[in-house]
Amino acid sequence: MPAFLLEVGTEELPADFVASAIAQWKHLIPQSLESEFLTPEGINVYGTPRRLAVMIQGLPSQQPDREEEIKGPPAQVAFKNGQPTKAAEGFARKQEVELNDLEVRETEKGEFVFVQKKIPGRAAKEILNELIPEWIAKLEGRRFMRWGDGDLRFSRPIRWLVALVDEEILPVELVNGSSKIVSDRLSWGHRVLHPEAVTIPHASKYVETLQTAYIEVDPEVRSQKIQQQTKTEAEKINGVADISPDLLAEVINLVEYPTAVVGKFDEEFLSLPTEVITTVMVSHQRYFPVKESDDVKSKLLPNFITISNGDPQKGEIIAAGNARVIRARLSDAQFFYKADLCKPLEMYVPQLEKITFQEDLGSIFAKVERIGKIALSLAEELNLSQEKCEQVSRTALLCKADLVTQMVYEFPELQGIMGQKYALASQEAEVVANGIFDHYLPRGADDILPETFTGQIVGISDRLDTLVSIFGLGTIPTGSSDPFALRRAANAIINITWNSELKFNLYQNIQQIAADFVKEHPDKENPVANLEEFFLQRIRTLLQDDLKIDYDLVNAVLGEDDPEYTEKALEDLLDVRSRALFLQKIRNNGKMDAIYETVNRSARLAVKGNLDTKQLEPKQVVKPELFEQSSEQAFYDALGELLPKTKASQAERNYQLLVDELAKIAPTVSRFFDGEDSVLVMTEDAKVQENRLNLLGLLRNHARILADFGSIVK
C-alpha cells in the first residue's frame, strides 16, 4: 500500500501554533480518513517553524466497495394506488437506481421507502485531493492573516506545498486571489545551513531527506536533542540546566536544527533576586538557566544556555550576541530594583488609585480596601488571634502594592514575587511578605497552593471580591468565554479551603459581600443566586474530576434543585467534601448496601407527609399513644437511640457513627414494613397516618445529614 506525504511550507510560524496545529491534525486527519473508509497503517504529524507535514503509511489505494442503506420518503408519499409518484421517481433518480430497486419497510414512524445501494470505492488519490484543502482550512489559531490579494487565511503566508503518493506528485492547488500555490516535490532546507530547494524523491523518504538539509521535522527528536545538548553543555561548566517543561515545549518549535550554546553574564547581576534573573532568561529571552546543583534552593551560575537555530560553527559569536542582549535586560532590571527599594512598600499603596481594576468597579486601591474588609471578617470568623488578624490586614493592604513598582511594570510576571521581596526589604513581618506572594497562588490548575494563613485568607478574599463584583456587573462565564478567569478563581477558593482545612461559611460571606456590592451599585441586581449555582458547579466538577467521586454520590451531597442542600454545601465546604469521600468509601467497601433500601423506602413514603426535613426529635412530632403495633414502638425507640449518634456524627464529622446506627436500625424498619406486626402507613385514620409518616420522615431526616439517598443509583 502506498505512502502519502503532505507538507505545507510557510513563513515563520508562532511556536504555540505549531504545537496546536500538530495536535489538531493528529485528531482531524485520522477522523476524516475514517469517514472516507480509508484506514492507513500509521499516521505521523510533524512541524517546525517553517512547515507542517503529515506522513501516512500504508494508505489503501482506494476505498472498499460497500453497500449502503438509504432511507427515502414515506411510503404513502412515494406511492399512490400502488403507483410510484414523482417523489419516488426523484428519489430513485437521485440515488441512481431503478424504481423496482425501491423497498418499502416498516419503521417506528411508519412505512418508508428504502434502497440498498452498492457504492464502488473511489481512488484514494481522488479523495486526498478533496481532503487536503480541508485539512489546511480547518486548522484554528489566533491572529490568522491574509496575504496577497486573496481571502486565504492562515497563521502565516503559505509559500509551498509538497504532496506525494509514493514517488508521484499529487496535483493540489490552493487558490489565493489572483495567485495559486501548486503542489510539487520541492521543499526548502534550513535558512542558514541549506538555503536551497530540496527534492523529495519518495513520500517515505521525507524525514531523512530533510535531515540532509539540516531540518529535523520531528518535534520529539528535536526535544530529545535539546535536552541532551543542554544537559551536556551545563555539565561542561559544572552546572545543572534548569529545563522547565513550558520553556522546552516552546523552544522545540522555535528551531529546525537545534544547537545548545552556553553564554555568560556578569556576576554582579547575581545580586538580583533569583526570580528576576530567571524571568529575564526564561520569559523574555527563552534561555535555560544554569544552577550549581539539582537542589531546588541551589544558586544560579552566571551562565545561560540558548538553543540556536543558526550555524553550530559560530557558537562563540551567537553566545556573545546573546550575552550583550541579556546584559542590557539585566542592567534594566538592576536599575528598577534599586530604584524601587528607595522607599518602603507601603508608600506605593496610594499610587494604586491610578490603576483601574474595572471601569465600573473603580481602582485597584478601591479593590484593596474591599479585600481588606473581607479578609478581616474571614480572619475573625476563623477565630484567629488579634496578632494574626493584624497580620492578615497588613497583608491585604500591601498585596497589590508592587503593581506600581518599576520592576513589575516592566516584568508583570513578577507581581507578588517582588511584593514579597520589597516587603522583606521594608522590614515587614515574614508572614506578611510571604502572604503577599502566596495570595496569588494557585496561578493555574497545576500550581501549588498557598502555605501561609495570610496568603490563604487574602487570596480567598481577593477572589471573592472579584467573583461578586464581576457577577454583579452581569459578566457571567458562558461556554469557553471566561475573560476574568472566574472559574479558576472559584476553584482556587474551594481548593485552598479544602487543602488548608479552613472552616468558614462561604454561603454567608457571599451574601454579605453581595449586599455590600448592591449598596455601592444600587442599579445592579444582587448576584447571590447566580454565584451559588456557579460555586455548586465548581464543587461538583472538583469532586468528580479531582477526587473521583461517582456522579450520583456528588448529586447526593449537593442535592438536585434542593435549596436546603445548596445552603448546606456552601455553608461548610469541608463537610461537603467529607460526606462525598465517605459515601464513596462505603460504596466501595459495600457498607452502603446495609442501609440503602431501608433509607430509600422510608424516604419515598415520607414525601407524602409534611414533616420539616430539619426535624430530628421524635418526641416533638410522634405520639406513642397512637401506636397500634409493637413495630411502631420499636421504630420510635430506635429513633431515640439514633438521635445522639446523629448529633455526634455532625459535630465530629464522623459519618461512620451515623451509618453504623442506620445499619443497626434497618431490621427494625423492615419489621415495621414487612414483619408480623407490620403496619399500613397510608391508613384511613388521618392522625395515625401522619404519625407513621413522621416516623419515616425522621429516619429520612437523619439520613439526610449525610446525603439525599434518593439521588444514589443502586
# chains A, B, ... in the order shown; residues from 1 in each chain; ligands from 1
$ select_by_dssp --residues "segment 427-516 of chain A" --states "alpha helix (DSSP H)" --output "number ranges by chain"
A: 430-438, 453-472, 486-500, 506-516
$ residues_around --residues "segment 459-462 of chain A" --least-positions-apart "3" --cutoff "8 Å" --atoms "only C-alpha atoms" --output "list in words"
Ile371, Gly372, Ile374, Ala375, Asp438, His439, Tyr440, Leu441, Gly455, Gln456, Asp465, Thr466, Ala492, Ile493 and Ile496 of chain A
$ write_last_selection --atoms "N, CA, C and O atoms" --output "compact mmCIF listing (two decimals), in the first residue's frame"
# COMPACT_ATOMS: atom_id res chain seq x y z
N ILE A 371 -10.80 44.05 49.70
CA ILE A 371 -10.11 42.82 50.10
C ILE A 371 -9.82 42.85 51.59
O ILE A 371 -10.01 41.86 52.31
N GLY A 372 -9.35 44.00 52.08
CA GLY A 372 -9.02 44.13 53.50
C GLY A 372 -10.22 43.90 54.39
O GLY A 372 -10.13 43.22 55.43
N ILE A 374 -12.99 42.13 53.66
CA ILE A 374 -13.39 40.72 53.58
C ILE A 374 -12.40 39.85 54.36
O ILE A 374 -12.79 38.95 55.11
N ALA A 375 -11.09 40.15 54.20
CA ALA A 375 -10.06 39.34 54.85
C ALA A 375 -10.17 39.42 56.37
O ALA A 375 -10.03 38.40 57.07
N ASP A 438 1.97 34.49 48.37
CA ASP A 438 1.05 33.35 48.43
C ASP A 438 -0.36 33.69 47.96
O ASP A 438 -1.07 32.81 47.45
N HIS A 439 -0.79 34.93 48.12
CA HIS A 439 -2.20 35.22 47.82
C HIS A 439 -2.53 35.08 46.33
O HIS A 439 -3.70 34.98 45.96
N TYR A 440 -1.49 35.04 45.49
CA TYR A 440 -1.71 34.80 44.05
C TYR A 440 -1.84 33.31 43.73
O TYR A 440 -2.25 32.95 42.63
N LEU A 441 -1.47 32.45 44.67
CA LEU A 441 -1.49 31.01 44.43
C LEU A 441 -2.88 30.43 44.66
O LEU A 441 -3.59 30.87 45.57
N GLY A 455 -1.63 34.38 53.24
CA GLY A 455 -1.86 34.20 51.80
C GLY A 455 -3.15 33.49 51.51
O GLY A 455 -3.84 33.81 50.54
N GLN A 456 -3.51 32.53 52.35
CA GLN A 456 -4.76 31.79 52.15
C GLN A 456 -5.97 32.71 52.30
O GLN A 456 -6.86 32.74 51.43
N ASP A 465 -14.00 38.90 46.16
CA ASP A 465 -14.33 40.25 45.70
C ASP A 465 -14.48 40.28 44.19
O ASP A 465 -15.44 40.87 43.65
N THR A 466 -13.55 39.64 43.48
CA THR A 466 -13.63 39.61 42.02
C THR A 466 -14.90 38.90 41.55
O THR A 466 -15.62 39.40 40.68
N ALA A 492 -10.00 27.90 42.97
CA ALA A 492 -8.93 28.20 43.92
C ALA A 492 -9.50 28.35 45.33
O ALA A 492 -8.92 27.85 46.30
N ILE A 493 -10.62 29.05 45.46
CA ILE A 493 -11.23 29.23 46.79
C ILE A 493 -11.55 27.87 47.40
O ILE A 493 -11.26 27.61 48.58
N ILE A 496 -8.20 25.85 48.15
CA ILE A 496 -7.48 26.41 49.31
C ILE A 496 -8.21 26.03 50.59
O ILE A 496 -7.59 25.62 51.59
$ closest_atom_pairs --of "segment 1-117 of chain A" --to "segment 194-208 of chain A" --cutoff "8 Å" --atoms "only C-alpha atoms" --output "tab-separated table"
residue	atom	partner	partner_atom	distance
A:Ala3	CA	A:Ala203	CA	5.9
A:Phe4	CA	A:Ala203	CA	5.6
A:Leu5	CA	A:Ala203	CA	5.1
A:Met55	CA	A:Ala203	CA	7.5
A:Gln57	CA	A:Ser204	CA	7.8
$ closest_residue --among "A:Tyr422, A:Phe437, A:Tyr46, A:Tyr337" --to "Ile252 of chain A" --atoms "only C-alpha atoms"
A:Tyr46
$ closest_residue --among "A:Ile307, A:Val432, A:Leu384, A:Leu424" --to "Pro289 of chain A" --atoms "only C-alpha atoms"
A:Ile307
$ select_by_dssp --residues "segment 283-510 of chain A" --states "strand (DSSP E or B)" --output "ChimeraX atom specification"
/A:288-291,300-308,356-358,362-363,478,481
$ residues_around --residues "segment 564-573 of chain A" --least-positions-apart "6" --cutoff "6 Å" --atoms "only C-alpha atoms" --output "mmCIF file with N, CA, C and O atoms, in the first residue's frame"
data_model
loop_
_atom_site.group_PDB
_atom_site.id
_atom_site.type_symbol
_atom_site.label_atom_id
_atom_site.label_comp_id
_atom_site.auth_asym_id
_atom_site.auth_seq_id
_atom_site.Cartn_x
_atom_site.Cartn_y
_atom_site.Cartn_z
ATOM 1 N N ASN A 505 -17.997 29.998 56.644
ATOM 2 C CA ASN A 505 -19.291 29.892 55.983
ATOM 3 C C ASN A 505 -19.263 30.665 54.670
ATOM 4 O O ASN A 505 -19.456 31.887 54.655
ATOM 5 N N LEU A 506 -19.001 29.970 53.575
ATOM 6 C CA LEU A 506 -18.949 30.623 52.266
ATOM 7 C C LEU A 506 -20.304 31.218 51.906
ATOM 8 O O LEU A 506 -20.381 32.310 51.333
ATOM 9 N N TYR A 507 -21.363 30.524 52.264
ATOM 10 C CA TYR A 507 -22.724 30.968 51.947
ATOM 11 C C TYR A 507 -22.984 32.360 52.519
ATOM 12 O O TYR A 507 -23.420 33.271 51.804
ATOM 13 N N LEU A 558 -24.821 17.238 47.148
ATOM 14 C CA LEU A 558 -25.141 18.606 46.728
ATOM 15 C C LEU A 558 -26.634 18.817 46.530
ATOM 16 O O LEU A 558 -27.106 19.954 46.500
#
$ closest_residue --among "A:Leu398, A:Ile317, A:Val221, A:Leu193" --to "Tyr348 of chain A" --atoms "only C-alpha atoms"
A:Leu398
$ atom_distance --atom1 "atom CA of Val554 of chain A" --atom2 "atom CA of Trp498 of chain A"
16.1 Å
$ closest_residue --among "A:Ile417, A:Ile549, A:Gln358, A:Met281" --to "Phe484 of chain A" --atoms "only C-alpha atoms"
A:Gln358
$ closest_residue --among "A:Ala425, A:Ile70, A:Leu657, A:Leu59" --to "Glu36 of chain A" --atoms "only C-alpha atoms"
A:Leu59
$ residues_around --residues "segment 619-627 of chain A" --least-positions-apart "3" --cutoff "9 Å" --atoms "only C-alpha atoms" --output "PyMOL selection string"
chain A and resi 611+615-616+630-633+636+640+687-688+690-692+694-695+698
$ write_last_selection --atoms "N, CA, C and O atoms" --output "mmCIF file, in the first residue's frame"
data_model
loop_
_atom_site.group_PDB
_atom_site.id
_atom_site.type_symbol
_atom_site.label_atom_id
_atom_site.label_comp_id
_atom_site.auth_asym_id
_atom_site.auth_seq_id
_atom_site.Cartn_x
_atom_site.Cartn_y
_atom_site.Cartn_z
ATOM 1 N N LEU A 611 -43.512 16.597 57.158
ATOM 2 C CA LEU A 611 -42.551 16.830 58.221
ATOM 3 C C LEU A 611 -41.382 17.665 57.700
ATOM 4 O O LEU A 611 -40.829 17.403 56.636
ATOM 5 N N GLN A 615 -36.221 18.437 61.067
ATOM 6 C CA GLN A 615 -36.684 17.898 62.345
ATOM 7 C C GLN A 615 -36.035 16.544 62.618
ATOM 8 O O GLN A 615 -36.069 15.645 61.786
ATOM 9 N N LEU A 616 -35.451 16.395 63.819
ATOM 10 C CA LEU A 616 -34.798 15.149 64.200
ATOM 11 C C LEU A 616 -35.333 14.562 65.505
ATOM 12 O O LEU A 616 -35.060 13.408 65.821
ATOM 13 N N SER A 630 -46.611 -3.139 67.880
ATOM 14 C CA SER A 630 -45.343 -3.061 68.615
ATOM 15 C C SER A 630 -44.198 -2.600 67.709
ATOM 16 O O SER A 630 -43.209 -2.039 68.187
ATOM 17 N N SER A 631 -44.307 -2.828 66.400
ATOM 18 C CA SER A 631 -43.254 -2.394 65.474
ATOM 19 C C SER A 631 -43.125 -0.868 65.459
ATOM 20 O O SER A 631 -42.038 -0.337 65.222
ATOM 21 N N GLU A 632 -44.229 -0.183 65.716
ATOM 22 C CA GLU A 632 -44.182 1.281 65.757
ATOM 23 C C GLU A 632 -43.383 1.750 66.973
ATOM 24 O O GLU A 632 -42.569 2.678 66.881
ATOM 25 N N GLN A 633 -43.626 1.120 68.117
ATOM 26 C CA GLN A 633 -42.893 1.483 69.331
ATOM 27 C C GLN A 633 -41.403 1.186 69.159
ATOM 28 O O GLN A 633 -40.548 1.976 69.559
ATOM 29 N N TYR A 636 -39.879 3.834 67.052
ATOM 30 C CA TYR A 636 -39.777 5.064 67.834
ATOM 31 C C TYR A 636 -38.569 5.000 68.776
ATOM 32 O O TYR A 636 -37.783 5.947 68.878
ATOM 33 N N GLY A 640 -34.928 7.190 68.909
ATOM 34 C CA GLY A 640 -34.384 7.836 70.099
ATOM 35 C C GLY A 640 -32.918 7.503 70.306
ATOM 36 O O GLY A 640 -32.119 8.353 70.723
ATOM 37 N N LYS A 687 -54.828 10.798 61.611
ATOM 38 C CA LYS A 687 -53.855 11.056 62.681
ATOM 39 C C LYS A 687 -52.829 9.936 62.774
ATOM 40 O O LYS A 687 -51.640 10.186 62.957
ATOM 41 N N VAL A 688 -53.286 8.681 62.644
ATOM 42 C CA VAL A 688 -52.370 7.548 62.681
ATOM 43 C C VAL A 688 -51.442 7.582 61.460
ATOM 44 O O VAL A 688 -50.239 7.307 61.559
ATOM 45 N N GLU A 690 -50.474 10.240 59.771
ATOM 46 C CA GLU A 690 -49.481 11.298 59.963
ATOM 47 C C GLU A 690 -48.401 10.846 60.938
ATOM 48 O O GLU A 690 -47.216 11.117 60.742
ATOM 49 N N ASN A 691 -48.810 10.153 61.992
ATOM 50 C CA ASN A 691 -47.855 9.670 62.995
ATOM 51 C C ASN A 691 -46.833 8.722 62.356
ATOM 52 O O ASN A 691 -45.633 8.794 62.617
ATOM 53 N N ARG A 692 -47.325 7.817 61.510
ATOM 54 C CA ARG A 692 -46.434 6.852 60.859
ATOM 55 C C ARG A 692 -45.535 7.534 59.813
ATOM 56 O O ARG A 692 -44.353 7.190 59.671
ATOM 57 N N ASN A 694 -44.490 10.514 60.028
ATOM 58 C CA ASN A 694 -43.480 11.253 60.789
ATOM 59 C C ASN A 694 -42.342 10.340 61.230
ATOM 60 O O ASN A 694 -41.173 10.756 61.268
ATOM 61 N N LEU A 695 -42.665 9.090 61.586
ATOM 62 C CA LEU A 695 -41.611 8.136 61.910
ATOM 63 C C LEU A 695 -40.664 7.959 60.718
ATOM 64 O O LEU A 695 -39.438 7.993 60.858
ATOM 65 N N LEU A 698 -38.628 11.130 60.038
ATOM 66 C CA LEU A 698 -37.494 11.299 60.948
ATOM 67 C C LEU A 698 -36.296 10.475 60.490
ATOM 68 O O LEU A 698 -35.151 10.942 60.519
#
$ closest_residue --among "A:Glu256, A:Asp184, A:Glu233, A:Glu597" --to "Gly47 of chain A" --atoms "only C-alpha atoms"
A:Glu256
$ residues_around --residues "Leu248 of chain A" --least-positions-apart "6" --cutoff "12 Å" --atoms "only C-alpha atoms" --output "NGL selection string"
:A and (15-16 or 19 or 219-220 or 222-228 or 230 or 241-242 or 254-255 or 258 or 282-283 or 286-288 or 305-307)
$ residues_around --residues "segment 154-170 of chain A" --least-positions-apart "4" --cutoff "7 Å" --atoms "only C-alpha atoms" --output "number ranges by chain"
A: 2-13, 141, 143-147, 181-187, 201-204
$ atom_distance --atom1 "atom CA of Val392 of chain A" --atom2 "atom CA of Glu430 of chain A"
12.0 Å
